[in-house]
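Peer 1: So here's work-v9.txt, just compact mmCIF, C-alpha atoms:
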```txt
# COMPACT_ATOMS: atom_id res chain seq x y z
CA MET A 1 96.50 76.00 126.54
CA ASP A 2 92.95 76.23 125.20
CA ILE A 3 90.24 77.59 127.46
CA LYS A 4 86.75 77.12 126.09
CA LEU A 5 83.57 78.63 127.47
CA GLU A 6 81.12 75.73 127.73
CA LEU A 7 78.14 76.82 129.83
CA VAL A 8 76.53 80.01 131.13
CA ILE A 9 73.88 79.90 133.85
CA VAL A 10 70.79 82.01 133.10
CA PRO A 11 68.84 82.89 136.27
CA VAL A 12 65.09 82.44 135.84
CA THR A 13 61.98 82.25 138.04
CA ASP A 14 60.03 79.62 136.09
CA VAL A 15 62.15 76.91 134.49
CA ASP A 16 59.42 75.55 132.21
CA ARG A 17 58.45 79.02 130.95
CA ALA A 18 62.10 79.90 130.29
CA LYS A 19 62.77 76.56 128.59
CA ALA A 20 59.79 77.09 126.27
CA PHE A 21 60.99 80.63 125.47
CA TYR A 22 64.53 79.55 124.55
CA GLU A 23 63.17 76.68 122.45
CA GLN A 24 60.98 79.28 120.69
CA VAL A 25 64.14 81.35 120.04
CA GLY A 26 65.62 78.24 118.39
CA PHE A 27 67.85 76.79 121.10
CA HIS A 28 68.00 72.97 121.27
CA THR A 29 67.33 71.23 124.60
CA ASP A 30 70.30 68.99 125.39
CA HIS A 31 69.35 67.94 128.93
CA ASP A 32 66.42 68.33 131.29
CA ILE A 33 67.27 66.47 134.47
CA THR A 34 65.69 66.65 137.89
CA VAL A 35 68.57 65.78 140.18
CA SER A 36 66.68 66.13 143.43
CA GLU A 37 63.68 67.89 144.90
CA ASP A 38 65.79 71.06 145.08
CA THR A 39 67.77 70.79 141.85
CA ARG A 40 66.75 70.74 138.20
CA PHE A 41 69.24 71.21 135.36
CA VAL A 42 68.13 72.23 131.85
CA GLN A 43 70.83 72.73 129.22
CA LEU A 44 70.04 74.42 125.89
CA THR A 45 72.36 75.23 123.00
CA PRO A 46 71.94 77.87 120.30
CA PRO A 47 72.16 76.44 116.76
CA GLY A 48 75.80 76.15 115.67
CA SER A 49 77.20 77.14 119.08
CA ALA A 50 79.84 75.31 121.11
CA CYS A 51 78.61 77.09 124.27
CA SER A 52 75.33 76.30 126.00
CA ILE A 53 73.13 77.92 128.60
CA ALA A 54 71.67 76.28 131.69
CA LEU A 55 68.40 77.09 133.40
CA GLY A 56 67.15 75.44 136.48
CA GLN A 57 66.40 75.28 140.11
CA GLY A 58 69.22 75.25 142.63
CA LEU A 59 71.90 76.27 140.12
CA THR A 60 72.73 79.86 141.03
CA ALA A 61 72.27 82.59 143.58
CA MET A 62 71.93 85.23 140.83
CA ALA A 63 68.63 87.09 140.78
CA PRO A 64 66.30 86.12 137.92
CA GLY A 65 66.63 88.63 135.09
CA SER A 66 70.05 89.85 136.21
CA LEU A 67 71.96 88.71 133.11
CA ASP A 68 72.51 91.72 130.89
CA ASN A 69 73.72 91.80 127.31
CA MET A 70 74.60 88.17 126.72
CA GLN A 71 75.81 88.13 123.14
CA VAL A 72 75.45 85.72 120.27
CA VAL A 73 76.87 86.25 116.79
CA VAL A 74 75.23 85.66 113.40
CA ALA A 75 76.39 86.03 109.81
CA ASP A 76 73.26 87.93 108.68
CA ILE A 77 71.51 90.28 111.11
CA GLU A 78 68.56 90.86 108.77
CA ALA A 79 67.92 87.10 108.51
CA ALA A 80 68.27 86.77 112.29
CA HIS A 81 65.82 89.62 112.87
CA ALA A 82 63.32 88.07 110.43
CA ASP A 83 63.73 84.59 111.98
CA LEU A 84 63.26 85.79 115.56
CA THR A 85 60.25 87.89 114.55
CA ALA A 86 58.71 84.92 112.70
CA ARG A 87 59.19 82.82 115.86
CA GLY A 88 57.17 85.38 117.83
CA ILE A 89 60.14 86.84 119.72
CA GLU A 90 59.89 90.56 120.44
CA VAL A 91 63.09 92.08 119.07
CA GLY A 92 64.12 95.66 118.66
CA ALA A 93 64.98 97.31 115.37
CA ILE A 94 68.36 96.59 113.82
CA GLU A 95 70.93 98.99 115.22
CA ASP A 96 73.99 99.76 113.10
CA LEU A 97 77.17 100.77 114.90
CA PRO A 98 80.74 101.08 113.62
CA TYR A 99 81.67 97.72 115.19
CA GLY A 100 78.63 95.69 114.15
CA SER A 101 74.90 95.52 113.60
CA PHE A 102 72.67 94.41 116.48
CA VAL A 103 69.18 93.39 117.51
CA HIS A 104 68.17 92.88 121.13
CA PHE A 105 65.63 90.75 122.95
CA ALA A 106 64.89 89.68 126.51
CA ASP A 107 63.57 86.48 128.02
CA PRO A 108 60.42 86.46 130.20
CA ASP A 109 62.49 87.29 133.31
CA GLY A 110 64.28 90.21 131.66
CA ASN A 111 67.64 88.56 130.94
CA ARG A 112 68.81 90.63 127.97
CA TRP A 113 70.46 89.32 124.81
CA ALA A 114 72.31 91.03 121.95
CA VAL A 115 72.47 89.40 118.53
CA GLN A 116 75.43 90.78 116.58
CA GLN A 117 76.54 90.69 112.99
CA THR A 118 80.22 91.56 113.45
CA VAL A 119 80.56 93.19 110.05
CA PRO A 120 78.24 96.20 110.02
CA ARG A 121 75.58 96.24 107.30
CA ARG A 122 76.71 99.73 106.37
CA THR A 123 78.91 102.44 107.76
CA ALA A 124 77.14 104.00 110.70
CA THR A 125 77.73 107.34 112.29
CA PRO A 126 78.49 106.73 115.96
CA THR A 127 76.22 108.38 118.47
CA ALA A 128 77.59 110.33 121.41
CA ASP A 129 76.74 107.34 123.66
CA ALA A 130 78.74 104.92 121.50
CA GLN A 131 81.92 107.02 121.44
```
Show this structure as structure tokens.
Peer 2:
Amino acid sequence: MDIKLELVIVPVTDVDRAKAFYEQVGFHTDHDITVSEDTRFVQLTPPGSACSIALGQGLTAMAPGSLDNMQVVVADIEAAHADLTARGIEVGAIEDLPYGSFVHFADPDGNRWAVQQTVPRRTATPTADAQ
């Protein structure tokens, strides 16, 4: 039996601001539907991904900004860092760990994302926190 992750709800305070941010990151808007006065559903998909995110009104009881360390995977962390920076996204420095290389960013509400290259750029010495 296959079980595929299709959609993750991202809790936000301002749907339009969040939608604009994720489009700036490079996500594609699949749907933006106002279902009722209390419900709006916006679905965005990262390039090349089979899983999407949803933003909106009336979709979740989670507190805006409460998603921590959502992870996406790329083939080239340096290219991803350069692309996100060129798009005006504030990303941290590339962090090399034994199990991958990472950059991090957060949306306007503070939902945090990790971008991972699963094959580390180089062998890293683990820190005490990573052990």
Peer 1: Between A:Ala80, A:Val103, A:Ile94, A:Val25, which is the closest to Leu44 (chain A) once you count only C-alpha atoms?
Peer 2: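 For Leu44 (chain A), the nearest of the candidates is A:Val25.
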Peer 1: Could you please determine the separation between CA of Asp68 (chain A) and CA of Thr34 (chain A) in Å, to one decimal place?
Peer 2: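 Here the two named atoms are 26.9 Å from each other.
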Peer 1: Which of these residues is nearest to Val74 (chain A), using all atoms listed in the file: A:Leu59, A:Asp30, A:Asp107, A:Pro120?
Peer 2: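 The answer is A:Pro120, which sits nearest to Val74 (chain A).
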Peer 1: Would you compute the distance between CA of His31 (chain A) and CA of Gln43 (chain A)? Give it in Å to one decimal.
Peer 2: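 One can read the CA of His31 (chain A) to CA of Gln43 (chain A) distance as 5.0 Å.
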Peer 1: Counting only C-alpha atoms, find residues at most 12 Å from (57.8, 83.3, 125.7) (file frame) and give them as a list in words.
Peer 2: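 Returned residue set, sorted by chain then number, is Asp14, Val15, Asp16, Arg17, Ala18, Lys19, Ala20, Phe21, Tyr22, Glu23, Gln24, Val25, Gly26, Leu84, Arg87, Gly88, Ile89, Glu90, Phe105, Ala106, Asp107, Pro108, Asp109 and Gly110 of chain A.
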Peer 1: Which residue, A:Arg121, A:Ile3, A:Trp113, A:His104, has the smallest gap to Ser66 (chain A) when you use all atoms listed in the file?
Peer 2: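 Among the listed residues, the smallest separation from Ser66 (chain A) belongs to A:Trp113.
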Peer 1: Report, in Å with one decimal, the straight-line distance from CA of Val10 (chain A) to CA of Cys51 (chain A).
Peer 2: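 So the answer is 12.8 Å.
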Peer 1: Which polymer residues, protein or nucleic acid, are no farther than 7 Å from (68.8, 75.1, 141.5), counting only C-alpha atoms, as a ChimeraX atom specification?
Peer 2: /A:38-40,56-60
Peer 1: Limited to C-alpha atoms, could you put the picked residues into a file as an mmCIF file, in the frame of the given file?
Peer 2:
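Generated output (part_31.cif):
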```cif
data_model
loop_
_atom_site.group_PDB
_atom_site.id
_atom_site.type_symbol
_atom_site.label_atom_id
_atom_site.label_comp_id
_atom_site.auth_asym_id
_atom_site.auth_seq_id
_atom_site.Cartn_x
_atom_site.Cartn_y
_atom_site.Cartn_z
ATOM 1 C CA ASP A 38 65.790 71.060 145.080
ATOM 2 C CA THR A 39 67.770 70.790 141.850
ATOM 3 C CA ARG A 40 66.750 70.740 138.200
ATOM 4 C CA GLY A 56 67.150 75.440 136.480
ATOM 5 C CA GLN A 57 66.400 75.280 140.110
ATOM 6 C CA GLY A 58 69.220 75.250 142.630
ATOM 7 C CA LEU A 59 71.900 76.270 140.120
ATOM 8 C CA THR A 60 72.730 79.860 141.030
#
```
Peer 1: Please provide as JSON, numbers by chain all residues within 6 Å of Ser101 (chain A), with the sequence filter that same-chain residues fewer than 2 positions apart are discarded (counting all atoms listed in the file).
Peer 2: {"A": [95, 96, 97, 116, 117, 120]}
Peer 1: Do you know which residues are at most 12 Å from Lys4 (chain A) counting all atoms listed in the file, after dropping those on the same chain fewer than 3 positions away, and could you put them as a PyMOL selection string?
Peer 2: chain A and resi 1+7-8+49-52
Peer 1: Which is closest to Glu78 (chain A) among A:Pro98, A:Pro64, A:Pro47, A:Gly92, if we use all atoms listed in the file?
Peer 2: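 Distance minimum relative to Glu78 (chain A) lands on A:Gly92.
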